[in-house]
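Visitor: Just one file: input24.txt, with compact mmCIF, C-alpha atoms.
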```
# COMPACT_ATOMS: atom_id res chain seq x y z
CA MET A 1 10.88 21.19 -2.00
CA ALA A 2 8.27 23.34 -0.19
CA GLU A 3 7.36 22.53 3.38
CA SER A 4 3.76 22.30 4.56
CA LYS A 5 2.69 25.16 6.86
CA GLN A 6 -1.00 24.36 7.44
CA PRO A 7 -2.27 22.46 10.48
CA GLU A 8 -2.66 18.77 9.64
CA SER A 9 -6.00 16.97 10.01
CA ALA A 10 -6.17 13.76 12.02
CA SER A 11 -7.21 11.82 8.90
CA LEU A 12 -4.17 13.12 6.98
CA LEU A 13 -1.85 12.22 9.84
CA ARG A 14 -3.31 8.68 9.98
CA ARG A 15 -2.78 8.28 6.21
CA LEU A 16 0.79 9.59 6.37
CA ALA A 17 1.55 7.26 9.28
CA GLU A 18 0.19 4.31 7.31
CA ALA A 19 2.26 5.27 4.26
CA ALA A 20 5.44 5.60 6.31
CA ASP A 21 4.72 2.39 8.20
CA GLY A 22 4.53 0.51 4.91
CA TYR A 23 8.28 0.94 4.45
CA ARG A 24 9.79 -0.02 7.83
CA ASN A 25 13.28 0.15 6.37
CA GLY A 26 15.07 2.56 8.70
CA VAL A 27 15.38 5.15 5.90
CA ALA A 28 13.88 8.64 6.23
CA GLN A 29 11.10 9.00 3.63
CA ILE A 30 9.25 11.89 1.98
CA ILE A 31 5.59 11.20 1.24
CA ILE A 32 3.87 12.86 -1.72
CA ALA A 33 0.16 13.03 -0.93
CA ARG A 34 -2.99 15.11 -1.18
CA ARG A 35 -4.02 17.17 1.81
CA VAL A 36 -7.71 16.62 0.98
CA HIS A 37 -9.51 13.44 1.96
CA PRO A 38 -9.00 10.54 1.13
CA HIS A 39 -5.38 11.76 1.06
CA ASP A 40 -4.19 9.85 -2.01
CA VAL A 41 -0.50 8.97 -1.83
CA ALA A 42 1.34 9.35 -5.13
CA ASP A 43 4.77 8.19 -4.01
CA VAL A 44 7.13 7.63 -1.10
CA LEU A 45 10.82 8.30 -1.67
CA PRO A 46 14.01 8.45 0.39
CA VAL A 47 14.69 11.96 1.66
CA THR A 48 18.08 11.84 -0.08
CA ASP A 49 16.49 11.46 -3.55
CA LEU A 50 15.80 15.16 -4.15
CA ALA A 51 15.59 14.82 -7.94
CA GLY A 52 13.20 11.87 -7.62
CA ILE A 53 11.03 13.77 -5.15
CA ASP A 54 10.78 16.78 -7.47
CA ARG A 55 10.02 14.52 -10.45
CA ALA A 56 7.37 12.53 -8.56
CA LEU A 57 5.74 15.72 -7.26
CA THR A 58 5.53 17.10 -10.81
CA GLN A 59 4.13 13.80 -12.14
CA ALA A 60 1.58 13.59 -9.32
CA GLY A 61 0.00 16.83 -10.50
CA PRO A 62 -2.00 19.59 -8.85
CA GLY A 63 -3.08 19.14 -5.26
CA PHE A 64 -0.16 16.95 -4.21
CA GLU A 65 2.34 18.13 -1.60
CA THR A 66 5.42 16.76 0.11
CA PHE A 67 5.23 15.66 3.74
CA GLY A 68 7.99 14.48 5.98
CA PRO A 69 10.58 13.27 6.43
CA TYR A 70 9.20 10.26 8.30
CA LEU A 71 11.30 7.42 9.67
CA THR A 72 10.19 3.95 10.68
CA PRO A 73 12.64 1.45 12.13
CA ALA A 74 13.83 -1.39 9.93
CA GLU A 75 11.65 -4.45 10.37
CA THR A 76 13.10 -7.88 10.77
CA PHE A 77 10.88 -10.59 9.39
CA VAL A 78 9.87 -13.19 11.95
CA ASN A 79 7.58 -16.15 11.39
CA ALA A 80 6.96 -19.56 12.86
CA ASP A 81 9.26 -21.19 10.30
CA HIS A 82 12.33 -18.95 10.16
CA ASP A 83 13.56 -20.57 6.94
CA VAL A 84 10.68 -19.24 4.79
CA ASP A 85 11.77 -16.55 2.30
CA PHE A 86 8.84 -16.86 -0.09
CA VAL A 87 5.70 -18.83 -0.84
CA THR A 88 4.75 -19.96 -4.34
CA VAL A 89 1.03 -20.24 -5.00
CA THR A 90 -0.26 -22.06 -8.06
CA PHE A 91 -3.48 -20.64 -9.44
CA LYS A 92 -5.51 -23.07 -11.55
CA ARG A 93 -8.20 -21.67 -13.78
CA ASN A 94 -10.73 -23.77 -15.66
CA GLU A 95 -11.06 -22.51 -19.20
CA ALA A 96 -12.86 -23.85 -22.25
CA THR A 97 -9.56 -25.26 -23.52
CA GLY A 98 -8.65 -26.95 -20.25
CA THR A 99 -7.06 -26.07 -16.94
CA LYS A 100 -4.47 -23.32 -16.97
CA ALA A 101 -1.94 -23.18 -14.13
CA GLU A 102 0.04 -20.11 -13.21
CA ASP A 103 2.57 -19.77 -10.39
CA GLN A 104 2.93 -16.55 -8.46
CA VAL A 105 5.67 -15.93 -5.91
CA PHE A 106 4.93 -13.96 -2.74
CA ARG A 107 8.00 -12.83 -0.80
CA ALA A 108 7.52 -13.12 2.94
CA SER A 109 9.21 -9.76 3.47
CA GLU A 110 6.73 -7.98 1.15
CA TYR A 111 3.33 -9.49 1.98
CA ASP A 112 1.58 -9.75 5.31
CA ALA A 113 -1.52 -11.56 4.04
CA LEU A 114 -3.27 -12.93 0.98
CA ILE A 115 -6.98 -12.21 0.72
CA TRP A 116 -8.81 -14.88 -1.27
CA GLY A 117 -12.46 -13.96 -1.09
CA ILE A 118 -14.95 -11.22 -0.37
CA SER A 119 -15.74 -12.59 3.09
CA ALA A 120 -12.12 -12.19 4.21
CA TYR A 121 -11.96 -8.81 2.48
CA ASP A 122 -15.02 -7.60 4.38
CA LYS A 123 -13.69 -8.87 7.72
CA LEU A 124 -10.09 -7.69 7.39
CA VAL A 125 -9.57 -5.07 4.69
CA MET A 126 -12.77 -3.02 4.88
CA PRO A 127 -12.40 -2.09 8.57
CA TYR A 128 -8.73 -1.21 8.03
CA LEU A 129 -9.32 0.98 4.96
CA THR A 130 -12.35 2.61 6.59
CA SER A 131 -10.32 3.58 9.67
CA VAL A 132 -7.44 4.95 7.58
CA SER A 133 -9.16 6.53 4.57
CA GLY A 134 -12.90 6.60 5.28
CA PHE A 135 -15.82 4.49 4.16
CA ASP A 136 -16.19 5.98 0.66
CA HIS A 137 -12.59 5.10 -0.25
CA ALA A 138 -12.93 1.64 1.32
CA ALA A 139 -16.11 1.01 -0.69
CA LYS A 140 -14.35 2.00 -3.95
CA GLU A 141 -11.47 -0.36 -3.18
CA ARG A 142 -13.96 -3.15 -2.39
CA ALA A 143 -15.64 -2.63 -5.76
CA LYS A 144 -12.23 -2.98 -7.45
CA PHE A 145 -11.60 -6.19 -5.53
CA VAL A 146 -14.99 -7.62 -6.52
CA ALA A 147 -14.32 -6.68 -10.17
CA GLY A 148 -10.98 -8.49 -9.97
CA SER A 149 -8.83 -5.46 -10.70
CA THR A 150 -6.75 -5.88 -7.56
CA VAL A 151 -6.15 -9.63 -7.93
CA GLY A 152 -2.47 -10.43 -7.66
CA HIS A 153 -1.55 -6.91 -6.58
CA LYS A 154 -0.71 -5.33 -3.29
CA LEU A 155 -3.82 -3.62 -1.98
CA HIS A 156 -1.94 -1.08 0.04
CA SER A 157 1.57 -0.55 -1.17
CA PHE A 158 2.09 2.67 0.79
```
Represent the structure from my file as structure tokens, please.
Guide:
Amino acid sequence: MAESKQPESASLLRRLAEAADGYRNGVAQIIIARRVHPHDVADVLPVTDLAGIDRALTQAGPGFETFGPYLTPAETFVNADHDVDFVTVTFKRNEATGTKAEDQVFRASEYDALIWGISAYDKLVMPYLTSVSGFDHAAKERAKFVAGSTVGHKLHSF
């Protein structure tokens, strides 16, 4: 595993901090990312998983490097109702053949928010992504959201 020797840009440091912060598990992590903007992150792995890090770096392809290790303290989940472990949302879709219902489970320890519409996306997600990765990246992610390709998925997994 080669170490980075170049000075780090502020935008790269922000992106690495966001990737590390997404884990909050008290385990030192190695981040596999691109140095060039928008600093795509290919994977985040425990520092002890040397074989996994090498494999992920090879799979990520040219332009990806390892950064770290980074450590964020383990997060304890706190909410107003301390007994909530998960929320089940039932999606109902009107189709030509009738209404189709589908349940999806969201674990409280994995999701901070659910974004239902473009208005909420523009108010909450766009400013966040713009500050972390720049407007061009945020606009591409917004287009994916509008097209429905991020529905039911974590927008920012690391």
Visitor: Figure out the distance between CA of Ala74 (chain A) and CA of His37 (chain A), please, to one decimal in Å.
Guide: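 Spanning CA of His37 (chain A) to CA of Ala74 (chain A) is a straight-line distance of 28.8 Å.
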Visitor: Rank A:Val146, A:Ile53, A:Ser133, A:Glu75 by their smallest atom-to-atom distance to Ile115 (chain A), using all atoms listed in the file, and report the top residue only.
Guide: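 Between A:Val146, A:Ile53, A:Ser133, A:Glu75, the residue approaching Ile115 (chain A) most closely is A:Val146.
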Visitor: Figure out the distance between CA of Gly68 (chain A) and CA of Thr48 (chain A), please, to one decimal in Å.
Guide: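 A separation of 12.1 Å between them.
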Visitor: Give, as lines of an AutoDock Vina configuration file, the centre coordinates and the x, y and z edge lengths in Å to one decimal for an axis-aligned box around all listed atoms of region 45-63 of chain A, padded by 5 Å on each side.
Guide:
```
center_x = 7.5
center_y = 13.9
center_z = -5.2
size_x = 31.2
size_y = 21.3
size_z = 23.8
```
Visitor: CA of Asp122 (chain A) to CA of His137 (chain A): how many Å, to one decimal?
Guide: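 Interatomic distance, CA of Asp122 (chain A) to CA of His137 (chain A): 13.7 Å.
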Visitor: Using only C-alpha atoms, determine which residues lie at most 8 Å from Leu45 (chain A), disregarding the query and same-chain residues fewer than 5 positions distant; provide the list as a PDB file with C-alpha atoms, keeping the file's coordinate frame.
Guide:
```pdb
ATOM      1  CA  GLN A  29      11.100   9.000   3.630  1.00  0.00           C
ATOM      2  CA  ILE A  30       9.250  11.890   1.980  1.00  0.00           C
ATOM      3  CA  ILE A  31       5.590  11.200   1.240  1.00  0.00           C
ATOM      4  CA  GLY A  52      13.200  11.870  -7.620  1.00  0.00           C
ATOM      5  CA  ILE A  53      11.030  13.770  -5.150  1.00  0.00           C
TER       6      ILE A  53
END
```
Visitor: Find the residues around Val44 (chain A) up to 12 Å (only C-alpha atoms counted), leave out those fewer than 4 positions away in its own chain, and share them as a VMD selection string.
Guide: chain A and resid 16 to 23 27 to 33 40 48 to 50 52 to 57 60 65 to 71 157 to 158
